[in-house]
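Coordinates as given in my_file.csv (CSV, C-alpha atoms):
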chain,number,residue,atom,x,y,z
A,1,MET,CA,35.8,-3.7,31.6
A,2,ARG,CA,32.6,-3.9,29.6
A,3,THR,CA,32.9,-3.0,25.9
A,4,SER,CA,29.2,-3.2,25.1
A,5,LEU,CA,25.8,-3.2,26.8
A,6,ARG,CA,22.2,-3.7,25.8
A,7,ILE,CA,19.1,-2.7,27.9
A,8,ILE,CA,15.5,-3.3,26.9
A,9,ILE,CA,13.3,-0.3,27.5
A,10,ARG,CA,9.7,-1.2,28.5
A,11,ASP,CA,8.8,0.8,31.6
A,12,GLU,CA,9.9,3.6,33.9
A,13,HIS,CA,12.2,1.2,35.9
A,14,SER,CA,14.1,0.1,32.8
A,15,LEU,CA,14.5,3.7,31.8
A,16,THR,CA,16.1,4.5,35.2
A,17,ALA,CA,18.3,1.4,34.9
A,18,ALA,CA,19.4,2.5,31.4
A,19,VAL,CA,20.3,6.0,32.7
A,20,LEU,CA,22.4,4.6,35.6
A,21,GLU,CA,24.1,2.1,33.3
A,22,ALA,CA,24.9,4.8,30.7
A,23,THR,CA,26.5,6.9,33.5
A,24,SER,CA,28.7,4.1,34.8
A,25,PHE,CA,29.5,2.8,31.3
A,26,ALA,CA,30.7,6.2,30.2
A,27,LYS,CA,32.8,6.7,33.3
A,28,GLU,CA,34.3,3.2,32.9
A,29,THR,CA,35.1,4.0,29.3
A,30,GLY,CA,37.0,7.1,30.3
A,31,LEU,CA,34.6,10.0,29.6
A,32,SER,CA,34.7,12.9,32.0
A,33,ARG,CA,31.9,13.3,34.6
A,34,VAL,CA,30.2,16.1,32.6
A,35,ALA,CA,30.4,14.1,29.3
A,36,ALA,CA,29.0,11.0,31.2
A,37,GLN,CA,26.1,13.1,32.6
A,38,GLN,CA,25.3,14.4,29.1
A,39,LEU,CA,25.4,11.0,27.6
A,40,ALA,CA,23.1,9.7,30.4
A,41,THR,CA,20.7,12.6,29.8
A,42,VAL,CA,20.5,11.9,26.1
A,43,THR,CA,19.9,8.3,26.9
A,44,SER,CA,17.1,9.3,29.3
A,45,GLU,CA,15.6,11.6,26.7
A,46,LEU,CA,15.6,9.1,23.9
A,47,ALA,CA,14.4,6.2,26.1
A,48,ARG,CA,11.6,8.4,27.2
A,49,ASN,CA,10.6,8.9,23.6
A,50,ILE,CA,10.5,5.1,23.3
A,51,LEU,CA,8.1,4.8,26.2
A,52,LYS,CA,6.0,7.7,24.9
A,53,TYR,CA,5.7,6.7,21.3
A,54,ALA,CA,6.7,3.1,20.8
A,55,GLY,CA,6.1,1.5,24.2
A,56,ARG,CA,9.1,-0.8,23.8
A,57,GLY,CA,12.6,-0.6,22.4
A,58,GLN,CA,16.3,-0.9,23.3
A,59,VAL,CA,19.4,1.1,24.3
A,60,GLU,CA,22.8,-0.1,23.3
A,61,LEU,CA,26.1,1.3,24.4
A,62,GLU,CA,29.5,0.5,22.9
A,63,ALA,CA,33.0,1.6,23.9
A,64,LEU,CA,35.0,3.2,21.1
A,65,GLU,CA,38.6,4.1,20.7
A,66,HIS,CA,40.1,6.1,17.9
A,67,ARG,CA,43.8,7.2,17.9
A,68,GLY,CA,43.9,6.9,21.6
A,69,ARG,CA,40.8,8.8,22.2
A,70,LYS,CA,37.9,7.1,24.0
A,71,GLY,CA,34.3,7.4,23.3
A,72,VAL,CA,30.9,5.8,23.6
A,73,ARG,CA,28.4,5.0,20.9
A,74,LEU,CA,24.8,5.1,21.9
A,75,ILE,CA,22.1,3.4,19.8
A,76,VAL,CA,18.5,3.8,20.7
A,77,SER,CA,16.0,1.9,18.6
A,78,ASP,CA,12.4,0.8,18.5
A,79,SER,CA,9.9,-0.7,16.1
A,80,GLY,CA,7.2,1.8,16.9
A,81,PRO,CA,5.2,4.1,14.7
A,82,GLY,CA,8.3,6.0,13.4
A,83,ILE,CA,8.5,9.6,12.5
A,84,GLU,CA,6.7,11.1,9.5
A,85,ASP,CA,8.9,14.1,9.0
A,86,ILE,CA,12.3,13.9,10.7
A,87,GLU,CA,13.3,17.5,9.7
A,88,GLN,CA,10.2,18.8,11.4
A,89,ALA,CA,10.7,16.6,14.5
A,90,MET,CA,14.3,17.9,14.8
A,91,ALA,CA,13.1,21.5,14.6
A,92,GLU,CA,13.5,23.6,17.7
A,93,HIS,CA,9.9,23.8,18.9
A,94,TYR,CA,8.2,20.9,17.3
A,95,SER,CA,6.5,18.3,19.4
A,96,THR,CA,3.7,15.9,19.1
A,97,GLY,CA,3.7,14.5,22.6
A,98,GLY,CA,5.1,17.0,25.0
A,99,THR,CA,8.9,17.0,24.7
A,100,LEU,CA,9.9,15.2,21.5
A,101,GLY,CA,11.0,18.1,19.3
A,102,LEU,CA,12.9,19.8,22.0
A,103,GLY,CA,14.5,16.6,23.2
A,104,LEU,CA,15.8,15.6,19.8
A,105,SER,CA,17.4,18.9,18.9
A,106,GLY,CA,18.8,19.3,22.4
A,107,ALA,CA,20.1,15.7,22.4
A,108,LYS,CA,21.9,16.4,19.1
A,109,ARG,CA,23.6,19.5,20.6
A,110,MET,CA,24.9,17.4,23.5
A,111,MET,CA,26.5,14.7,21.3
A,112,ASP,CA,29.5,14.8,18.9
A,113,HIS,CA,27.7,12.8,16.3
A,114,PHE,CA,24.0,12.2,15.9
A,115,THR,CA,22.0,10.6,13.2
A,116,ILE,CA,18.4,9.6,13.2
A,117,THR,CA,16.7,7.3,10.8
A,118,SER,CA,13.0,6.5,10.7
A,119,GLN,CA,10.4,5.0,8.5
A,120,PRO,CA,6.7,5.5,9.3
A,121,GLY,CA,5.4,2.3,10.6
A,122,GLN,CA,8.8,0.7,10.9
A,123,GLY,CA,10.4,2.4,13.9
A,124,THR,CA,13.1,4.8,14.7
A,125,ARG,CA,16.8,4.5,15.3
A,126,VAL,CA,19.2,7.0,16.7
A,127,GLU,CA,22.9,6.6,16.6
A,128,ALA,CA,25.0,9.0,18.5
A,129,VAL,CA,28.6,9.3,19.7
A,130,LYS,CA,30.2,11.1,22.7
A,131,TRP,CA,34.0,11.5,22.8
A,132,GLN,CA,36.0,12.0,25.9
B,133,MET,CA,10.0,0.1,55.8
B,134,PRO,CA,7.6,0.4,52.8
B,135,GLU,CA,9.3,1.1,49.5
B,136,SER,CA,7.7,4.5,49.2
B,137,ALA,CA,9.5,5.6,52.4
B,138,ALA,CA,12.9,4.7,51.0
B,139,ASN,CA,12.3,6.7,47.9
B,140,ARG,CA,11.1,9.8,49.6
B,141,ILE,CA,12.9,13.1,49.4
B,142,PRO,CA,13.5,14.5,52.9
B,143,LEU,CA,12.0,17.8,53.8
B,144,GLN,CA,13.0,19.8,56.9
B,145,MET,CA,12.4,23.2,58.3
B,146,SER,CA,15.5,25.3,58.7
B,147,ASN,CA,15.4,29.0,59.7
B,148,ASN,CA,11.7,29.1,58.7
B,149,CYS,CA,12.5,27.7,55.2
B,150,LEU,CA,11.4,24.3,54.0
B,151,VAL,CA,14.6,22.7,52.7
B,152,ALA,CA,14.3,19.7,50.3
B,153,SER,CA,17.6,17.8,49.9
B,154,ILE,CA,17.2,15.8,46.7
B,155,GLN,CA,20.0,13.2,46.8
B,156,ILE,CA,18.3,10.3,45.1
B,157,ASP,CA,17.7,9.3,41.4
B,158,LEU,CA,14.7,11.0,40.0
B,159,THR,CA,11.8,8.9,38.8
B,160,ALA,CA,8.2,9.9,38.0
B,161,ASP,CA,7.1,8.1,41.3
B,162,VAL,CA,9.7,9.9,43.4
B,163,LEU,CA,8.8,13.3,42.0
B,164,GLU,CA,5.1,12.7,42.4
B,165,GLN,CA,5.5,11.7,46.1
B,166,PHE,CA,7.8,14.7,46.6
B,167,ARG,CA,5.1,17.0,45.3
B,168,LYS,CA,2.5,15.6,47.6
B,169,ASP,CA,4.8,15.8,50.6
B,170,LEU,CA,5.9,19.4,49.8
B,171,LEU,CA,2.4,20.8,49.2
B,172,SER,CA,1.0,19.2,52.3
B,173,GLN,CA,4.0,20.5,54.4
B,174,LEU,CA,3.3,24.0,53.0
B,175,GLN,CA,-0.3,23.8,54.2
B,176,ALA,CA,0.7,22.5,57.6
B,177,GLN,CA,3.7,24.8,58.3
B,178,HIS,CA,4.4,28.4,57.9
B,179,ALA,CA,7.4,28.6,55.6
B,180,ARG,CA,9.0,31.8,54.4
B,181,GLY,CA,10.5,30.1,51.5
B,182,ILE,CA,11.5,26.8,49.9
B,183,ILE,CA,15.0,25.6,48.9
B,184,PHE,CA,15.6,22.6,46.6
B,185,ASP,CA,19.2,21.4,47.1
B,186,LEU,CA,19.9,19.7,43.8
B,187,SER,CA,23.6,19.0,44.4
B,188,GLY,CA,23.0,15.2,44.6
B,189,ILE,CA,21.4,14.9,41.1
B,190,GLU,CA,23.6,13.4,38.4
B,191,VAL,CA,21.1,13.3,35.6
B,192,MET,CA,18.0,15.4,34.9
B,193,ASP,CA,16.1,15.1,31.6
B,194,LEU,CA,13.4,17.5,30.3
B,195,SER,CA,10.5,15.7,31.9
B,196,ASP,CA,12.2,15.6,35.3
B,197,PHE,CA,12.9,19.4,34.9
B,198,GLU,CA,9.3,20.1,33.8
B,199,ASN,CA,8.0,18.1,36.8
B,200,ILE,CA,10.2,20.1,39.2
B,201,ARG,CA,9.2,23.4,37.5
B,202,ALA,CA,5.5,22.5,37.9
B,203,THR,CA,6.0,21.8,41.6
B,204,ILE,CA,7.7,25.2,42.0
B,205,SER,CA,4.7,26.9,40.2
B,206,MET,CA,2.3,25.1,42.6
B,207,ALA,CA,4.2,26.2,45.7
B,208,LYS,CA,4.2,29.7,44.3
B,209,VAL,CA,0.4,29.6,43.9
B,210,MET,CA,0.3,28.6,47.6
B,211,GLY,CA,2.2,31.8,48.3
B,212,VAL,CA,5.8,30.5,48.8
B,213,SER,CA,8.7,31.0,46.5
B,214,THR,CA,11.4,28.5,45.8
B,215,VAL,CA,15.2,28.8,45.2
B,216,VAL,CA,17.1,25.9,43.7
B,217,CYS,CA,20.7,25.5,44.6
B,218,GLY,CA,23.8,23.4,44.0
B,219,MET,CA,23.0,22.2,40.4
B,220,ARG,CA,26.1,20.4,38.9
B,221,PRO,CA,27.7,21.7,35.7
B,222,GLY,CA,26.7,18.6,33.7
B,223,VAL,CA,23.1,18.9,34.8
B,224,VAL,CA,22.9,22.6,34.1
B,225,ALA,CA,24.5,22.1,30.6
B,226,SER,CA,22.1,19.3,29.9
B,227,VAL,CA,18.8,21.1,30.8
B,228,VAL,CA,19.8,24.3,29.0
B,229,LEU,CA,20.9,22.4,25.9
B,230,LEU,CA,17.7,20.4,25.9
B,231,GLY,CA,15.9,23.7,25.6
B,232,ALA,CA,14.3,23.8,29.1
B,233,ASP,CA,12.7,27.1,30.0
B,234,THR,CA,14.8,28.3,32.9
B,235,ASP,CA,13.7,31.9,32.9
B,236,GLU,CA,11.5,31.7,36.0
B,237,ILE,CA,13.9,29.5,38.0
B,238,ARG,CA,15.6,31.3,40.9
B,239,ALA,CA,18.9,29.7,41.5
B,240,ALA,CA,21.8,30.0,43.9
B,241,ARG,CA,25.2,28.4,43.9
B,242,ASP,CA,24.9,26.9,47.4
B,243,LEU,CA,22.6,26.7,50.5
B,244,ASP,CA,24.0,29.9,52.0
B,245,MET,CA,23.3,31.9,48.9
B,246,ALA,CA,19.8,30.3,48.7
B,247,PHE,CA,18.9,31.6,52.2
B,248,GLU,CA,20.2,35.0,51.2
B,249,LEU,CA,18.1,35.1,48.1
B,250,LEU,CA,15.0,34.2,50.2
B,251,ASP,CA,16.0,37.2,52.4
B,252,VAL,CA,16.0,35.1,55.6
B,253,PRO,CA,17.4,37.3,58.4
B,254,GLY,CA,20.3,35.9,60.4
B,255,ALA,CA,20.8,32.9,58.2
B,256,SER,CA,24.5,32.5,58.9
B,257,GLU,CA,25.8,29.0,59.1
B,258,LYS,CA,26.0,28.9,62.9
B,259,GLU,CA,22.6,30.5,63.4
B,260,ARG,CA,21.0,27.9,61.1
B,261,LYS,CA,22.7,25.1,62.8
B,262,ARG,CA,21.4,26.3,66.2
B,263,VAL,CA,17.9,26.7,64.9
B,264,GLY,CA,18.1,23.3,63.2
B,265,ASP,CA,19.3,21.6,66.4
B,266,ALA,CA,16.5,23.4,68.4
B,267,ASN,CA,13.9,22.1,66.0
B,268,ILE,CA,15.2,18.5,66.4
B,269,ALA,CA,15.3,18.9,70.2
B,270,SER,CA,11.7,20.1,70.4
B,271,ASP,CA,10.5,17.4,68.0
B,272,ASN,CA,12.0,14.8,70.4
B,273,HIS,CA,10.2,16.2,73.4
B,274,SER,CA,6.8,16.5,71.7

Do you think you could lay out the structure here as structure tokens?
Amino acid sequence: MRTSLRIIIRDEHSLTAAVLEATSFAKETGLSRVAAQQLATVTSELARNILKYAGRGQVELEALEHRGRKGVRLIVSDSGPGIEDIEQAMAEHYSTGGTLGLGLSGAKRMMDHFTITSQPGQGTRVEAVKWQ
Amino acid sequence: MPESAANRIPLQMSNNCLVASIQIDLTADVLEQFRKDLLSQLQAQHARGIIFDLSGIEVMDLSDFENIRATISMAKVMGVSTVVCGMRPGVVASVVLLGADTDEIRAARDLDMAFELLDVPGASEKERKRVGDANIASDNHS
């Protein structure tokens, strides 16, 4: 069984690959079908932001176990332009390029843990966890 | 077979409705080809309604959803309304939590309910199968 996985995001095909990998990785790790689908959707949403704003970045998946409970950590990062005002970007209806604002707040709702760090000019990093 | 044919979403007439069975992974290319196919079928054939069977979809993000919603709007402007059916719980939860605007989406639990929503007369399982078989038979003879 795989315990971690890394996928470079650079085009639509790699995005599709990342979504499929996230689904199978989550199922392998022991997440339910619905939880796996949600993790895959969040992966898709965040990877799409990479294509839209940074052009290139990566998706990392890691299997977790805490007191017998299984989970998956998702890290999506890029070295793109970054986000000026994270609070605003997380707000319900904020968007600079179509779906960003909605995607981020929705993605946060689907995960058990979600942190985003970004420096303008230095990229963006999202770390999120989904438990079984 | 060219690559585009393998990535096509099949469309078939059943009981005067155009049924799209979406069982492959969604990409921007697949959805664009699907839109072209659907709109040209609408022009060529007289359909009472459209049904999108989404039961095969595992993952749908906001831009996939928006793409499908735009296609439904286009079909509506061509005078034909669409019912989506069979969406899986995980997909439904995802699109709603992502904040997708689902207000104008007409949805049904399964194909039978979708035909009912489109108000297609005599759309029982048997009847549809018979009509479907007849269509295939006449296609073979033409």

Please report as JSON lines every residue of chain B lying within 7 Å of chain A, along with the nearest atom pair and their distance in Å (one decimal), using all atoms listed in the file.
{"residue": "B:Glu190", "atom": "CA", "partner": "A:Gln37", "partner_atom": "CA", "distance": 6.3}
{"residue": "B:Val191", "atom": "CA", "partner": "A:Gln37", "partner_atom": "CA", "distance": 5.8}
{"residue": "B:Met192", "atom": "CA", "partner": "A:Thr41", "partner_atom": "CA", "distance": 6.4}
{"residue": "B:Asp193", "atom": "CA", "partner": "A:Thr41", "partner_atom": "CA", "distance": 5.5}
{"residue": "B:Pro221", "atom": "CA", "partner": "A:Val34", "partner_atom": "CA", "distance": 6.9}
{"residue": "B:Gly222", "atom": "CA", "partner": "A:Val34", "partner_atom": "CA", "distance": 4.4}
{"residue": "B:Val223", "atom": "CA", "partner": "A:Gln37", "partner_atom": "CA", "distance": 6.9}
{"residue": "B:Ser226", "atom": "CA", "partner": "A:Gln38", "partner_atom": "CA", "distance": 5.9}
{"residue": "B:Leu229", "atom": "CA", "partner": "A:Gly106", "partner_atom": "CA", "distance": 5.1}
{"residue": "B:Leu230", "atom": "CA", "partner": "A:Gly106", "partner_atom": "CA", "distance": 3.8}
{"residue": "B:Gly231", "atom": "CA", "partner": "A:Leu102", "partner_atom": "CA", "distance": 6.1}

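Compared by their closest atoms to A:Pro120, and using only C-alpha atoms, the residues A:Ala54, A:Ala18, A:Ala63, A:Ile7 rank with A:Ala54 nearest.
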
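By chain and then residue number, the residues within 10 Å of B:Arg167 are Ile141, Asp161, Gln173, Asn199, Ile200, Ala202, Thr203, Ile204, Met206 and Ala207 of chain B, counting all atoms listed in the file and disregarding those fewer than 6 positions away in sequence.
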
| query | Leaving out stretch 245-247 of chain B and any residue of its chain fewer than 4 positions from it, which residues lie within 6 Å of it when counting all atoms listed in the file, given as a list in words? | reply | Val215, Ala240 and Val252 of chain B

| field | Counting all atoms listed in the file, the option among B:Phe184, B:Ser195, B:Ala176, B:Leu170 closest to B:Ser153 | value | B:Phe184

| remark: Closest of B:Leu250, B:Arg140, B:Val209, B:Asp233 to B:Glu164, counting all atoms listed in the file, is B:Arg140

| message | Counting only C-alpha atoms, which residues have an atom no more than 9 Å from (35.8, 0.6, 30.2) in the file's coordinates? Please list them as a list in words. | response | Met1, Arg2, Thr3, Phe25, Ala26, Lys27, Glu28, Thr29, Gly30 and Ala63 of chain A

| message | I'd like the neighbourhood of stretch 55-57 of chain A as a list in words, where a residue qualifies if any of its atoms comes within 10 Å (using all atoms listed in the file), though same-chain residues fewer than 5 positions away should be ignored. | response | Ile7, Ile8, Ile9, Arg10, Asp11, Ala47, Arg48, Asn49, Ile50, Val76, Ser77, Asp78, Ser79, Gly80, Pro81, Gly123, Thr124 and Arg125 of chain A
